[in-house]
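Some notes on the structure that comes next.
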Amino acid sequence: ELKVEQNPLFLSMQEGKNYTIYCNYSTTSDRLYWYRQDPGKSLESLFVLLSNGAVKQEGRLMASLDTKARLSTLHITAAVHDLSATYFCAVDRLDYGGATNKLIFGTGTLLAVQP
Amino acid sequence: DGGITQSPKYLFRKEGQNVTLSCEQNLNHDAMYWYRQDPGQGLRLIYYSQIVNDFQKGDIAEGYSVSREKKESFPLTVTSAQKNPTAFYLCASSIDRGAGGPEETQYFGPGTRLLVL
């Protein structure tokens, strides 16, 4: 059974600092997604990582995927208050036909960036 | 503007009552999904559909039912058999698997918050 764990669950950081959120998963997959959720709102897609070694960057966020270690990271550079949100990783459950689009979500990391 | 709409934004259910949540998309996506989110937790898959007139159970389908009569619409009914329905319900859609690329992500609607009276 595929399980997805994120850590930390809560992250309070100061503006201008760097930090990394980790996403570990328990069975083979090479498709991983990062989403952002603002309080009371829906999910917004941030990154799609579709192969081992994939790295994507957008602004102060960079995501990477290591399928051998079953690990994805979301790195935050020089955090600003606008990045405060909950960040979720989600992993595609593969079957013999490949991707299924049936995602297992992590529990989320609540990021609070303090001025 | 292409997107996903969900209605209502808030829904109140009385005990023993069935309620239906609406989800419509105009993105021309083949696949649609329903998720449930409980406070402080991630999303869990209730049902999904990859094509019209076909759908499959997700991880927590008990107490829920769906239909997919049109490509654009994927309504979710929360039945009286669902004993703990209070949650935030999110509908999503995507192109079908295999195309690859950023467009293969799931796009989410604004959600419906269901509360039990």
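Scheme for the structure tokens: letters A, B, ... for chains in order shown; per-chain residue numbers from 1; ligand numbers from 1 in order shown.
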Mind checking DSSP for chain B and telling me the strand (DSSP E) residues as a PyMOL selection string? chain B and resi 4-7+10-13+19-25+31-37+43-51+54-57+64-66+76-78+87-94+107-108+112-116
Could you please tell me, as a PyMOL selection string, which residues of chain A have an atom within 8 Å of chain B when using only C-alpha atoms? chain A and resi 33+41-45+47-48+50+88+98-108
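Between atom CA of A:Leu94 and atom CA of B:Ile46 the separation is 17.8 Å.
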Do you know which residues are at most 8 Å from B:Leu115 counting only C-alpha atoms, after dropping those on the same chain fewer than 4 positions away, and could you put them as a short mmCIF file (atom, residue, chain, number, x, y, z; two decimals) with N, CA and C atoms, in the first residue's frame?
data_model
loop_
_atom_site.label_atom_id
_atom_site.label_comp_id
_atom_site.auth_asym_id
_atom_site.auth_seq_id
_atom_site.Cartn_x
_atom_site.Cartn_y
_atom_site.Cartn_z
N TYR B 10 -21.44 26.06 0.43
CA TYR B 10 -21.73 25.47 1.74
C TYR B 10 -23.00 24.64 1.61
N LEU B 11 -23.04 23.52 2.32
CA LEU B 11 -24.20 22.64 2.26
C LEU B 11 -24.44 22.06 3.65
N PHE B 12 -25.69 22.11 4.06
CA PHE B 12 -26.05 21.58 5.38
C PHE B 12 -26.91 20.35 5.19
N ARG B 13 -26.56 19.30 5.89
CA ARG B 13 -27.30 18.05 5.76
C ARG B 13 -27.94 17.67 7.09
N PRO B 85 -20.11 12.81 7.51
CA PRO B 85 -19.90 13.48 6.23
C PRO B 85 -19.30 14.87 6.33
N THR B 86 -19.17 15.42 7.53
CA THR B 86 -18.66 16.78 7.66
C THR B 86 -17.23 16.85 7.15
N ALA B 87 -16.99 17.62 6.11
CA ALA B 87 -15.67 17.70 5.48
C ALA B 87 -15.72 18.75 4.37
#
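Residues in contact range of B:Ser65, defined as at most 9 Å between only C-alpha atoms, with sequence neighbours fewer than 2 positions away removed, read B:Tyr47, B:Ala61, B:Glu62, B:Gly63, B:Ser67, B:Pro75, B:Leu76, B:Thr77, B:Val78, B:Thr79.
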Expected file contents, prior selection, N, CA, C and O atoms, as a PDB file, in the first residue's frame:
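File written: selection-v5.pdb
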ATOM      1  N   TYR B  47     -14.165   8.813  -5.386  1.00  0.00           N
ATOM      2  CA  TYR B  47     -14.506   8.171  -6.656  1.00  0.00           C
ATOM      3  C   TYR B  47     -13.725   8.875  -7.758  1.00  0.00           C
ATOM      4  O   TYR B  47     -13.340  10.027  -7.629  1.00  0.00           O
ATOM      5  N   ALA B  61     -15.009   5.094  -0.634  1.00  0.00           N
ATOM      6  CA  ALA B  61     -16.256   5.234  -1.391  1.00  0.00           C
ATOM      7  C   ALA B  61     -17.518   4.920  -0.586  1.00  0.00           C
ATOM      8  O   ALA B  61     -18.627   5.299  -0.994  1.00  0.00           O
ATOM      9  N   GLU B  62     -17.400   4.240   0.528  1.00  0.00           N
ATOM     10  CA  GLU B  62     -18.585   3.830   1.288  1.00  0.00           C
ATOM     11  C   GLU B  62     -19.400   5.034   1.740  1.00  0.00           C
ATOM     12  O   GLU B  62     -18.870   5.975   2.336  1.00  0.00           O
ATOM     13  N   GLY B  63     -20.704   4.987   1.440  1.00  0.00           N
ATOM     14  CA  GLY B  63     -21.581   6.083   1.825  1.00  0.00           C
ATOM     15  C   GLY B  63     -21.689   7.177   0.780  1.00  0.00           C
ATOM     16  O   GLY B  63     -22.362   8.183   0.996  1.00  0.00           O
ATOM     17  N   SER B  67     -22.295   9.695 -10.579  1.00  0.00           N
ATOM     18  CA  SER B  67     -22.721   9.361 -11.934  1.00  0.00           C
ATOM     19  C   SER B  67     -21.856  10.161 -12.898  1.00  0.00           C
ATOM     20  O   SER B  67     -21.291  11.206 -12.532  1.00  0.00           O
ATOM     21  N   PRO B  75     -21.423  14.636 -10.641  1.00  0.00           N
ATOM     22  CA  PRO B  75     -22.026  14.933  -9.334  1.00  0.00           C
ATOM     23  C   PRO B  75     -21.756  13.835  -8.303  1.00  0.00           C
ATOM     24  O   PRO B  75     -21.693  12.655  -8.648  1.00  0.00           O
ATOM     25  N   LEU B  76     -21.629  14.239  -7.065  1.00  0.00           N
ATOM     26  CA  LEU B  76     -21.393  13.329  -5.943  1.00  0.00           C
ATOM     27  C   LEU B  76     -22.578  13.390  -4.988  1.00  0.00           C
ATOM     28  O   LEU B  76     -22.977  14.478  -4.567  1.00  0.00           O
ATOM     29  N   THR B  77     -23.137  12.237  -4.662  1.00  0.00           N
ATOM     30  CA  THR B  77     -24.208  12.166  -3.668  1.00  0.00           C
ATOM     31  C   THR B  77     -23.655  11.594  -2.377  1.00  0.00           C
ATOM     32  O   THR B  77     -23.032  10.525  -2.382  1.00  0.00           O
ATOM     33  N   VAL B  78     -23.876  12.326  -1.300  1.00  0.00           N
ATOM     34  CA  VAL B  78     -23.513  11.852   0.029  1.00  0.00           C
ATOM     35  C   VAL B  78     -24.775  11.240   0.616  1.00  0.00           C
ATOM     36  O   VAL B  78     -25.763  11.937   0.866  1.00  0.00           O
ATOM     37  N   THR B  79     -24.770   9.952   0.809  1.00  0.00           N
ATOM     38  CA  THR B  79     -25.979   9.262   1.252  1.00  0.00           C
ATOM     39  C   THR B  79     -26.066   9.231   2.774  1.00  0.00           C
ATOM     40  O   THR B  79     -25.082   9.522   3.484  1.00  0.00           O
TER      41      THR B  79
END
Find the residues near A:Gln57: any atom within 10 Å, counting only C-alpha atoms, skip ones fewer than 2 places away on the same chain, and give them as a VMD selection string. chain A and resid 46 to 47 55 59 to 64 74 to 75
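Counting only C-alpha atoms, stretch 9-13 of chain A has the following residues at most 9 Å away, ignoring those fewer than 3 positions along the same chain: A:Gln6, A:Gly16, A:Lys17, A:Asn18, A:Tyr19, A:Ile21, A:Ala79, A:Thr86, A:Thr107, A:Gly108, A:Thr109, A:Leu110, A:Leu111, A:Ala112, A:Val113, A:Gln114, A:Pro115.
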Kindly export the residues of the current selection with N, CA and C atoms, as a tab-separated table (two decimals), in the first residue's frame.
chain	number	residue	atom	x	y	z
A	6	GLN	N	5.04	13.56	4.75
A	6	GLN	CA	5.71	14.84	4.61
A	6	GLN	C	6.29	15.24	5.95
A	16	GLY	N	13.33	35.74	4.27
A	16	GLY	CA	14.72	35.77	3.84
A	16	GLY	C	15.48	34.48	4.08
A	17	LYS	N	14.90	33.56	4.86
A	17	LYS	CA	15.59	32.30	5.15
A	17	LYS	C	15.26	31.24	4.10
A	18	ASN	N	16.10	30.20	4.09
A	18	ASN	CA	15.90	29.06	3.19
A	18	ASN	C	15.46	27.85	4.00
A	19	TYR	N	14.64	27.01	3.38
A	19	TYR	CA	14.27	25.76	4.05
A	19	TYR	C	13.78	24.76	3.03
A	21	ILE	N	11.18	21.26	2.44
A	21	ILE	CA	10.11	20.34	2.85
A	21	ILE	C	10.37	19.00	2.17
A	79	ALA	N	12.56	33.11	1.77
A	79	ALA	CA	11.10	33.09	1.93
A	79	ALA	C	10.52	34.50	2.10
A	86	THR	N	-0.38	25.98	2.98
A	86	THR	CA	-0.11	24.56	3.21
A	86	THR	C	0.32	23.94	1.90
A	107	THR	N	0.09	14.51	4.20
A	107	THR	CA	-0.76	15.22	5.16
A	107	THR	C	-0.58	16.73	5.09
A	108	GLY	N	0.41	17.17	4.32
A	108	GLY	CA	0.59	18.60	4.15
A	108	GLY	C	1.60	19.20	5.12
A	109	THR	N	2.23	20.28	4.69
A	109	THR	CA	3.14	21.05	5.53
A	109	THR	C	2.61	22.47	5.60
A	110	LEU	N	2.27	22.90	6.79
A	110	LEU	CA	1.78	24.26	6.99
A	110	LEU	C	2.98	25.18	7.17
A	111	LEU	N	3.15	26.08	6.22
A	111	LEU	CA	4.28	26.99	6.22
A	111	LEU	C	3.81	28.39	6.65
A	112	ALA	N	4.45	28.91	7.69
A	112	ALA	CA	4.14	30.27	8.16
A	112	ALA	C	5.43	31.09	8.07
A	113	VAL	N	5.43	32.09	7.22
A	113	VAL	CA	6.61	32.93	7.06
A	113	VAL	C	6.39	34.22	7.85
A	114	GLN	N	7.26	34.43	8.82
A	114	GLN	CA	7.12	35.59	9.72
A	114	GLN	C	7.99	36.74	9.22
A	115	PRO	N	7.47	37.96	9.31
A	115	PRO	CA	8.27	39.13	8.87
A	115	PRO	C	9.51	39.32	9.74
Fewer than 2 positions away in the same chain doesn't count, so skip those; otherwise give me all residues within 8 Å of A:Glu5, counting only C-alpha atoms, as a PyMOL selection string. chain A and resi 3+7+23-25+106-107
Please save all heavy atoms of the selected residues as a short mmCIF file (atom, residue, chain, number, x, y, z; two decimals), in the first residue's frame.
data_model
loop_
_atom_site.label_atom_id
_atom_site.label_comp_id
_atom_site.auth_asym_id
_atom_site.auth_seq_id
_atom_site.Cartn_x
_atom_site.Cartn_y
_atom_site.Cartn_z
N LYS A 3 2.09 4.76 0.84
CA LYS A 3 1.93 5.78 1.88
C LYS A 3 2.85 6.94 1.55
O LYS A 3 3.95 6.76 1.06
CB LYS A 3 2.26 5.20 3.25
CG LYS A 3 1.27 4.16 3.72
CD LYS A 3 1.57 3.70 5.13
CE LYS A 3 0.51 2.68 5.57
NZ LYS A 3 0.78 2.17 6.92
N ASN A 7 7.40 15.91 5.89
CA ASN A 7 7.92 16.55 7.11
C ASN A 7 8.73 17.78 6.72
O ASN A 7 9.32 17.83 5.64
CB ASN A 7 8.73 15.55 7.94
CG ASN A 7 10.03 15.14 7.28
OD1 ASN A 7 11.02 15.86 7.37
ND2 ASN A 7 10.01 14.02 6.60
N CYS A 23 9.23 14.98 1.16
CA CYS A 23 8.10 14.11 0.86
C CYS A 23 8.65 12.71 0.57
O CYS A 23 9.33 12.52 -0.44
CB CYS A 23 7.33 14.65 -0.33
SG CYS A 23 5.98 13.58 -0.90
N ASN A 24 8.38 11.76 1.45
CA ASN A 24 8.80 10.37 1.28
C ASN A 24 7.60 9.51 0.92
O ASN A 24 6.51 9.71 1.46
CB ASN A 24 9.40 9.83 2.58
CG ASN A 24 10.71 10.48 2.92
OD1 ASN A 24 10.73 11.49 3.59
ND2 ASN A 24 11.79 9.90 2.45
N TYR A 25 7.81 8.53 0.05
CA TYR A 25 6.72 7.62 -0.28
C TYR A 25 7.23 6.19 -0.27
O TYR A 25 8.43 5.93 -0.42
CB TYR A 25 6.06 7.99 -1.60
CG TYR A 25 6.99 8.10 -2.79
CD1 TYR A 25 7.13 7.05 -3.68
CD2 TYR A 25 7.69 9.27 -3.03
CE1 TYR A 25 7.95 7.16 -4.79
CE2 TYR A 25 8.52 9.38 -4.12
CZ TYR A 25 8.65 8.33 -5.00
OH TYR A 25 9.47 8.45 -6.09
N GLY A 106 0.09 13.46 0.72
CA GLY A 106 0.67 13.60 2.04
C GLY A 106 -0.25 14.43 2.93
O GLY A 106 -1.25 14.98 2.45
N THR A 107 0.09 14.51 4.20
CA THR A 107 -0.76 15.22 5.16
C THR A 107 -0.58 16.73 5.09
O THR A 107 -1.32 17.47 5.72
CB THR A 107 -0.50 14.76 6.59
OG1 THR A 107 0.91 14.78 6.81
CG2 THR A 107 -1.02 13.34 6.80
#
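Across the model, the gap from atom CA of A:Gly40 to atom CA of B:Leu114 is 13.0 Å.
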Given the choices A:Ser72, A:His81, A:Asp95, A:Arg36, which gets closest to A:Gly53 if the distance is worked out from only C-alpha atoms? A:Ser72
Atom pair atom CA of B:Ile4 + atom CA of B:Cys23, distance 7.1 Å
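When only C-alpha atoms are used to measure the gap to A:Leu83, the shortest distance among A:Ser51, A:Thr67, A:Gln37, A:Ser29 belongs to A:Gln37.
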